[in-house]
Amino acid sequence: DSIICPPGYFKKSEAQVEAGCASVGKECPDGMQCVCKPCKRGYEVDVFQERATSQEEGCGKMTVCGVSRQRSPVKFRMIDRLNRPDPEISYFIHIGPGISGSALNLGNHTYETDIKVDTVGVHIIEFFIDGSQISESPMLFEIMPRDCLTEYGKNSLR
């Protein structure tokens, strides 16, 4: 906990910090604790599509952050890099009169929400933390049409 990162950078996970020197090809002498590149550039709240949690950085402003098909949810995972105590993370989707909701706290400053939209197209979603829009918001997500022929066979109604 003695690592302090400059503004715009956030501390990597403990496992990433411990592997930091080896990952850049530097050896640490026995009995010593070496720290190499313990911080990474990032947003205060990183947003990922759940299936892409291996990403190093969250989605950026006005980038496509999620893709799904009609009637299948897009699962977003958010990580609060500032480790705020129990913030409320919410969203607003710009479709018709709008769709709003909030994220579930998974613990360890990680939050998740499933968003199910049936309207095909690219949609705008805004994310908020304690009522204030996060810096990389708004983002986009895409809903693609279902392939009913593949799902139900050639006798299906479209």
# chains A, B, ... in the order shown; residues from 1 in each chain; ligands from 1
call {"tool": "residues_around", "arguments": {"residues": "region 70-76 of chain A", "least_positions_apart": "4", "cutoff": "6 Å", "atoms": "only C-alpha atoms", "output": "list in words"}}
result
Phe48, Gln49, Glu50, Glu112, Thr113, Asp114, Ile115, Lys116, Asp118, Pro145 and Arg146 of chain A
call {"tool": "closest_residue", "arguments": {"among": "A:Ser135, A:Thr119, A:Asn83, A:Asn108", "to": "Lys11 (chain A)", "atoms": "only C-alpha atoms"}}
result
A:Asn83
call {"tool": "atom_distance", "arguments": {"atom1": "CA of Ile95 (chain A)", "atom2": "CA of Met78 (chain A)"}}
result
21.8 Å
call {"tool": "closest_residue", "arguments": {"among": "A:Gln133, A:Gly58, A:Leu140, A:Gly66", "to": "Ile93 (chain A)", "atoms": "only C-alpha atoms"}}
result
A:Leu140
call {"tool": "closest_atom_pairs", "arguments": {"of": "region 32-125 of chain A", "to": "region 17-21 of chain A", "cutoff": "12 Å", "atoms": "only C-alpha atoms", "output": "tab-separated table"}}
result
residue	atom	partner	partner_atom	distance
A:Met32	CA	A:Glu18	CA	11.6
A:Gln33	CA	A:Glu18	CA	8.5
A:Cys34	CA	A:Cys21	CA	6.9
A:Val35	CA	A:Cys21	CA	6.4
A:Cys36	CA	A:Cys21	CA	4.9
A:Lys37	CA	A:Gly20	CA	6.2
A:Pro38	CA	A:Val17	CA	5.1
A:Cys39	CA	A:Val17	CA	8.2
A:Lys40	CA	A:Val17	CA	10.4
call {"tool": "write_last_selection", "arguments": {"atoms": "all heavy atoms", "output": "JSON list (two decimals), in the first residue's frame"}}
result
[["chain", "number", "residue", "atom", "x", "y", "z"],
["A", 32, "MET", "N", 15.00, -9.64, -1.71],
["A", 32, "MET", "CA", 14.64, -8.25, -1.98],
["A", 32, "MET", "C", 13.23, -8.20, -2.58],
["A", 32, "MET", "O", 12.79, -9.17, -3.20],
["A", 32, "MET", "CB", 15.62, -7.62, -2.99],
["A", 32, "MET", "CG", 17.07, -7.63, -2.56],
["A", 32, "MET", "SD", 17.38, -6.56, -1.15],
["A", 32, "MET", "CE", 17.18, -4.97, -1.89],
["A", 33, "GLN", "N", 12.58, -7.09, -2.42],
["A", 33, "GLN", "CA", 11.30, -6.87, -3.07],
["A", 33, "GLN", "C", 11.50, -5.77, -4.10],
["A", 33, "GLN", "O", 11.85, -4.65, -3.76],
["A", 33, "GLN", "CB", 10.22, -6.46, -2.07],
["A", 33, "GLN", "CG", 8.88, -6.24, -2.75],
["A", 33, "GLN", "CD", 7.79, -5.79, -1.78],
["A", 33, "GLN", "OE1", 8.08, -5.39, -0.67],
["A", 33, "GLN", "NE2", 6.56, -5.86, -2.23],
["A", 34, "CYS", "N", 11.33, -6.11, -5.36],
["A", 34, "CYS", "CA", 11.53, -5.16, -6.44],
["A", 34, "CYS", "C", 10.18, -4.76, -7.03],
["A", 34, "CYS", "O", 9.28, -5.58, -7.14],
["A", 34, "CYS", "CB", 12.40, -5.78, -7.53],
["A", 34, "CYS", "SG", 14.02, -6.31, -6.94],
["A", 35, "VAL", "N", 10.08, -3.51, -7.39],
["A", 35, "VAL", "CA", 8.84, -3.00, -7.97],
["A", 35, "VAL", "C", 9.17, -2.30, -9.28],
["A", 35, "VAL", "O", 9.94, -1.36, -9.30],
["A", 35, "VAL", "CB", 8.14, -2.02, -6.99],
["A", 35, "VAL", "CG1", 6.87, -1.46, -7.62],
["A", 35, "VAL", "CG2", 7.84, -2.70, -5.68],
["A", 36, "CYS", "N", 8.61, -2.79, -10.36],
["A", 36, "CYS", "CA", 8.82, -2.22, -11.69],
["A", 36, "CYS", "C", 7.46, -1.92, -12.32],
["A", 36, "CYS", "O", 6.63, -2.81, -12.44],
["A", 36, "CYS", "CB", 9.58, -3.18, -12.59],
["A", 36, "CYS", "SG", 11.19, -3.68, -11.99],
["A", 37, "LYS", "N", 7.25, -0.70, -12.70],
["A", 37, "LYS", "CA", 6.02, -0.28, -13.37],
["A", 37, "LYS", "C", 4.76, -0.73, -12.62],
["A", 37, "LYS", "O", 3.93, -1.46, -13.16],
["A", 37, "LYS", "CB", 5.99, -0.80, -14.80],
["A", 37, "LYS", "CG", 7.10, -0.22, -15.66],
["A", 37, "LYS", "CD", 6.92, -0.57, -17.11],
["A", 37, "LYS", "CE", 7.98, 0.13, -17.93],
["A", 37, "LYS", "NZ", 7.76, 0.00, -19.35],
["A", 38, "PRO", "N", 4.58, -0.28, -11.37],
["A", 38, "PRO", "CA", 3.41, -0.71, -10.59],
["A", 38, "PRO", "C", 2.12, 0.02, -10.95],
["A", 38, "PRO", "O", 1.05, -0.36, -10.50],
["A", 38, "PRO", "CB", 3.81, -0.38, -9.16],
["A", 38, "PRO", "CG", 4.70, 0.81, -9.30],
["A", 38, "PRO", "CD", 5.47, 0.57, -10.58],
["A", 39, "CYS", "N", 2.23, 1.07, -11.77],
["A", 39, "CYS", "CA", 1.05, 1.86, -12.11],
["A", 39, "CYS", "C", 0.77, 1.75, -13.60],
["A", 39, "CYS", "O", 1.66, 1.51, -14.40],
["A", 39, "CYS", "CB", 1.29, 3.33, -11.76],
["A", 39, "CYS", "SG", 1.66, 3.62, -10.01],
["A", 40, "LYS", "N", -0.50, 1.92, -13.95],
["A", 40, "LYS", "CA", -0.88, 1.93, -15.36],
["A", 40, "LYS", "C", -1.83, 3.08, -15.61],
["A", 40, "LYS", "O", -2.57, 3.50, -14.72],
["A", 40, "LYS", "CB", -1.51, 0.61, -15.78],
["A", 40, "LYS", "CG", -2.86, 0.33, -15.14],
["A", 40, "LYS", "CD", -3.44, -0.96, -15.66],
["A", 40, "LYS", "CE", -4.77, -1.22, -15.01],
["A", 40, "LYS", "NZ", -5.40, -2.41, -15.54]]
call {"tool": "closest_residue", "arguments": {"among": "A:Ile124, A:Val47, A:Ile143, A:Ile134", "to": "Ser100 (chain A)", "atoms": "only C-alpha atoms"}}
result
A:Ile124
call {"tool": "atom_distance", "arguments": {"atom1": "CA of Glu136 (chain A)", "atom2": "CA of Ser23 (chain A)"}}
result
28.4 Å
call {"tool": "atom_distance", "arguments": {"atom1": "CA of Ile79 (chain A)", "atom2": "CA of Lys12 (chain A)"}}
result
12.0 Å
call {"tool": "select_by_dssp", "arguments": {"residues": "region 4-139 of chain A", "states": "strand (DSSP E or B)", "output": "PyMOL selection string"}}
result
chain A and resi 9-11+39-41+45-49+64-69+74-80+89-93+99-102+104-107+110-115+121-129+132-133+139
call {"tool": "closest_residue", "arguments": {"among": "A:Val45, A:Cys28, A:Val67, A:Ala22", "to": "Gly121 (chain A)", "atoms": "only C-alpha atoms"}}
result
A:Val67
call {"tool": "closest_residue", "arguments": {"among": "A:Ile129, A:Val117, A:Ala15, A:Met62", "to": "Glu88 (chain A)", "atoms": "only C-alpha atoms"}}
result
A:Ile129
call {"tool": "select_by_dssp", "arguments": {"residues": "region 12-151 of chain A", "states": "alpha helix (DSSP H)", "output": "ChimeraX atom specification"}}
result
/A:14-18,20-23,148-151
